[in-house]
Amino acid sequence: MATGSKKSVAPSPIPEFVKSNVQEVLQSPMADFTIRQLLGLLMSSTGAAERKIYLEDSPEDRPNGFYNRALQLGSIPVDIRVPRTRSGDFRPSSLPIRYQRGYSEEIESILMSLLASSRSINAAKSALKKMGLSSSEQDLERVATALIEEMELRNSRPVAPDLIALFADGKYVELREGDKLRPACIYLVVGLGLDGKRHVLCCIAKPGRENLEAWKTIFRGLIERGLRRLMILVHDDFSGLLPITRSLFPTADIQLCTVHMQRNAKAHLSKTDAVEFHKRWTSIKSCWDLAVAASQFQQLCDHFVKTYPAWIAELRKKHEHYLAFLKYPEETRSSFSSTNLVEAINGQLEIMRRNSGGYFHSEDTLKLKLGLAVLSLENGKWHGPAKREQLPQLNAMFHARFEAEA
């Protein structure tokens, strides 16, 4: 697992207010403490003291509450409250390396594989018992908790102010709630940075069907988390979403997913006409010039308008958003014309869904599976920069656009 870099303060004597906190609790009439509870209190107070010192040296940052974490101090399991800041740059020096909780990378890898293939955390524990490895249940619980915490923190961390591209898509799943299954939508946003690195910036499961208010909250959240300049945003033609993204990102190209468009063509057109549509579209997307492509797109619409007037009217109205990818280098067009980058996560989730019996057994199980899918991509296939050869050209386009506007 990637550990990331965090700022921390150098170890120092325990501040007086930490000592007084501990003494006050110990001297209270309710002070029936175990060693485990005392260690947890001491580490939590020390972390809070470290944050206080850090914020004095970093006035531009702000405190951002706490999150709970389980640690293993020798043979003693300890629960602590870890302080965090809005920038995400602070990390108490009293914490061990991220995700390291007293077990080796080999064991961690085995536990993560078990979690990925099991229907739920309890099913994974049951498998450990059957293998005679009941002592590893606590380690498995810690790995699962760390992944769930990471998914929650991922949706609030600061975002780079400048991005080449955003890819957004929703995926429908079913969650078990008691004896019933309820629908949920996973809202996924992947960012492509100026360094070519791909990161999942938002991965939130919300009950019910996909809806505009949720997308509006998510995109506004990205702006509040620091996003300022974006070159292209790719999403599907979900009803009402285009006006929202155009207003929130007025300087970005908004590209509607062409893969979704071709699927819609199969649904709206006869089989013979769908084949003809596909041939014409294949010719359009290989055009060397945007003006030529726009002309051919209008000819495509003219060809089908009498038979399918309503659907073709929608295509005409949004033609510039189906062709925006043609502004970019030829080698990047296949990536910028669809939401297939997000499909890499959806594909892994689909495998996990099938392995779980066709649905996810709880909200925490879904968060866990999302964490495993994202971690597998970012530490594997997405570890290096994408479009390495085209990055200088994409960066030049980015700076030319925004420097000209400035």
# chains A, B, ... in the order shown; residues from 1 in each chain; ligands from 1
$ residues_around --residues "region 302-308 of chain A" --least-positions-apart "4" --cutoff "12 Å" --atoms "only C-alpha atoms" --output "list in words"
Ala265, Ala267, His268, Leu269, Ser270, Thr272, Asp273, Ala274, Glu276, Phe277, Arg280, Ser295, Gln296, Phe297, Gln298, Ile312, Ala313, Glu314, Leu315 and Arg316 of chain A
$ write_last_selection --atoms "C-alpha atoms" --output "PDB file, in the first residue's frame"
ATOM      1  CA  ALA A 265     -28.045   4.497 -30.836  1.00  0.00           C
ATOM      2  CA  ALA A 267     -31.544   1.357 -28.264  1.00  0.00           C
ATOM      3  CA  HIS A 268     -33.198   4.058 -30.416  1.00  0.00           C
ATOM      4  CA  LEU A 269     -32.384   2.886 -33.948  1.00  0.00           C
ATOM      5  CA  SER A 270     -33.323  -0.253 -35.838  1.00  0.00           C
ATOM      6  CA  THR A 272     -29.815  -1.920 -39.736  1.00  0.00           C
ATOM      7  CA  ASP A 273     -29.734   1.809 -38.951  1.00  0.00           C
ATOM      8  CA  ALA A 274     -27.588   1.224 -35.866  1.00  0.00           C
ATOM      9  CA  GLU A 276     -25.042   2.489 -40.468  1.00  0.00           C
ATOM     10  CA  PHE A 277     -24.793   4.938 -37.563  1.00  0.00           C
ATOM     11  CA  ARG A 280     -20.560   6.945 -39.985  1.00  0.00           C
ATOM     12  CA  SER A 295     -19.713  18.860 -40.924  1.00  0.00           C
ATOM     13  CA  GLN A 296     -19.840  15.060 -41.101  1.00  0.00           C
ATOM     14  CA  PHE A 297     -21.754  14.941 -37.804  1.00  0.00           C
ATOM     15  CA  GLN A 298     -24.427  17.225 -39.268  1.00  0.00           C
ATOM     16  CA  ILE A 312     -31.501  13.297 -33.555  1.00  0.00           C
ATOM     17  CA  ALA A 313     -32.638  16.711 -32.276  1.00  0.00           C
ATOM     18  CA  GLU A 314     -30.858  15.971 -28.979  1.00  0.00           C
ATOM     19  CA  LEU A 315     -27.695  14.917 -30.833  1.00  0.00           C
ATOM     20  CA  ARG A 316     -27.670  18.114 -32.901  1.00  0.00           C
TER      21      ARG A 316
END
$ select_by_dssp --residues "region 181-336 of chain A" --states "strand (DSSP E)" --output "number ranges by chain"
A: 181-193, 198-207, 229-235, 253-256
$ write_last_selection --atoms "C-alpha atoms" --output "PDB file, in the first residue's frame"
ATOM      1  CA  LEU A 181     -32.113  -5.395  -1.069  1.00  0.00           C
ATOM      2  CA  ARG A 182     -32.111  -1.666  -1.720  1.00  0.00           C
ATOM      3  CA  PRO A 183     -30.648   0.156  -4.732  1.00  0.00           C
ATOM      4  CA  ALA A 184     -27.652   2.452  -4.416  1.00  0.00           C
ATOM      5  CA  CYS A 185     -25.538   4.482  -6.805  1.00  0.00           C
ATOM      6  CA  ILE A 186     -21.761   4.749  -6.598  1.00  0.00           C
ATOM      7  CA  TYR A 187     -20.575   8.187  -7.756  1.00  0.00           C
ATOM      8  CA  LEU A 188     -17.017   7.944  -9.109  1.00  0.00           C
ATOM      9  CA  VAL A 189     -14.696  10.761 -10.193  1.00  0.00           C
ATOM     10  CA  VAL A 190     -11.154  10.121 -11.464  1.00  0.00           C
ATOM     11  CA  GLY A 191      -8.671  12.957 -12.034  1.00  0.00           C
ATOM     12  CA  LEU A 192      -5.730  13.131 -14.446  1.00  0.00           C
ATOM     13  CA  GLY A 193      -3.054  15.509 -13.140  1.00  0.00           C
ATOM     14  CA  ARG A 198      -4.509   9.128 -12.198  1.00  0.00           C
ATOM     15  CA  HIS A 199      -6.248   9.376  -8.824  1.00  0.00           C
ATOM     16  CA  VAL A 200      -9.736   8.583  -7.583  1.00  0.00           C
ATOM     17  CA  LEU A 201     -10.906  11.923  -6.173  1.00  0.00           C
ATOM     18  CA  CYS A 202     -14.403  10.878  -5.186  1.00  0.00           C
ATOM     19  CA  CYS A 203     -15.947   7.483  -4.567  1.00  0.00           C
ATOM     20  CA  ILE A 204     -19.256   7.782  -2.715  1.00  0.00           C
ATOM     21  CA  ALA A 205     -22.156   5.321  -2.460  1.00  0.00           C
ATOM     22  CA  LYS A 206     -25.562   6.936  -1.937  1.00  0.00           C
ATOM     23  CA  PRO A 207     -28.926   5.174  -1.535  1.00  0.00           C
ATOM     24  CA  ARG A 229      -8.525  25.015 -13.493  1.00  0.00           C
ATOM     25  CA  LEU A 230      -9.662  22.045 -15.560  1.00  0.00           C
ATOM     26  CA  MET A 231      -9.108  21.404 -19.261  1.00  0.00           C
ATOM     27  CA  ILE A 232     -11.680  18.686 -20.026  1.00  0.00           C
ATOM     28  CA  LEU A 233     -14.469  16.962 -18.090  1.00  0.00           C
ATOM     29  CA  VAL A 234     -15.875  13.678 -19.418  1.00  0.00           C
ATOM     30  CA  HIS A 235     -19.247  12.280 -18.317  1.00  0.00           C
ATOM     31  CA  ASP A 253     -14.358  21.384 -22.482  1.00  0.00           C
ATOM     32  CA  ILE A 254     -17.315  19.176 -21.554  1.00  0.00           C
ATOM     33  CA  GLN A 255     -17.125  15.854 -23.400  1.00  0.00           C
ATOM     34  CA  LEU A 256     -20.153  13.550 -23.433  1.00  0.00           C
TER      35      LEU A 256
END
$ atom_distance --atom1 "CA of Gly384 (chain A)" --atom2 "CA of Glu224 (chain A)"
27.4 Å
$ select_by_dssp --residues "region 210-308 of chain A" --states "alpha helix (DSSP H)" --output "ChimeraX atom specification"
/A:212-224,241-248,258-268,271-285,290-304
$ atom_distance --atom1 "CA of Met43 (chain A)" --atom2 "CA of Ile80 (chain A)"
6.7 Å
$ closest_residue --among "A:Gly221, A:Gly347, A:Pro161, A:Gly178" --to "Lys369 (chain A)" --atoms "only C-alpha atoms"
A:Gly347
$ closest_residue --among "A:Thr365, A:Thr85, A:Asn155, A:Thr245" --to "Lys52 (chain A)" --atoms "only C-alpha atoms"
A:Thr85
$ residues_around --residues "Lys381 (chain A)" --least-positions-apart "5" --cutoff "10 Å" --atoms "only C-alpha atoms" --output "PyMOL selection string"
chain A and resi 198+344+376+386
$ closest_residue --among "A:Glu350, A:Asp79, A:Asp289, A:Glu50" --to "Leu323 (chain A)" --atoms "only C-alpha atoms"
A:Asp289
$ residues_around --residues "Arg157 (chain A)" --least-positions-apart "4" --cutoff "8 Å" --atoms "only C-alpha atoms" --output "PDB file with N, CA and C atoms, in the first residue's frame"
ATOM      1  N   ARG A  86      -7.259  20.253   7.713  1.00  0.00           N
ATOM      2  CA  ARG A  86      -7.983  20.403   6.450  1.00  0.00           C
ATOM      3  C   ARG A  86      -7.107  20.084   5.249  1.00  0.00           C
ATOM      4  N   SER A  87      -5.811  20.446   5.309  1.00  0.00           N
ATOM      5  CA  SER A  87      -4.930  20.203   4.164  1.00  0.00           C
ATOM      6  C   SER A  87      -4.573  18.730   4.024  1.00  0.00           C
ATOM      7  N   GLY A  88      -4.666  17.967   5.114  1.00  0.00           N
ATOM      8  CA  GLY A  88      -4.266  16.567   5.091  1.00  0.00           C
ATOM      9  C   GLY A  88      -2.768  16.373   5.199  1.00  0.00           C
ATOM     10  N   LEU A 153     -11.776   9.182   3.953  1.00  0.00           N
ATOM     11  CA  LEU A 153     -10.880  10.335   3.907  1.00  0.00           C
ATOM     12  C   LEU A 153     -10.640  10.796   2.473  1.00  0.00           C
ATOM     13  N   ARG A 225     -12.713  21.781  -2.417  1.00  0.00           N
ATOM     14  CA  ARG A 225     -11.490  21.101  -1.978  1.00  0.00           C
ATOM     15  C   ARG A 225     -10.246  21.606  -2.709  1.00  0.00           C
TER      16      ARG A 225
END
$ residues_around --residues "Arg51 (chain A)" --least-positions-apart "3" --cutoff "9 Å" --atoms "only C-alpha atoms" --output "number ranges by chain"
A: 8-9, 46-48, 54-56, 63, 83-85, 90-92
$ closest_residue --among "A:Thr251, A:Tyr172, A:Gly196, A:Cys287" --to "Arg388 (chain A)" --atoms "only C-alpha atoms"
A:Gly196
$ atom_distance --atom1 "CA of Ile284 (chain A)" --atom2 "CA of Leu241 (chain A)"
24.8 Å
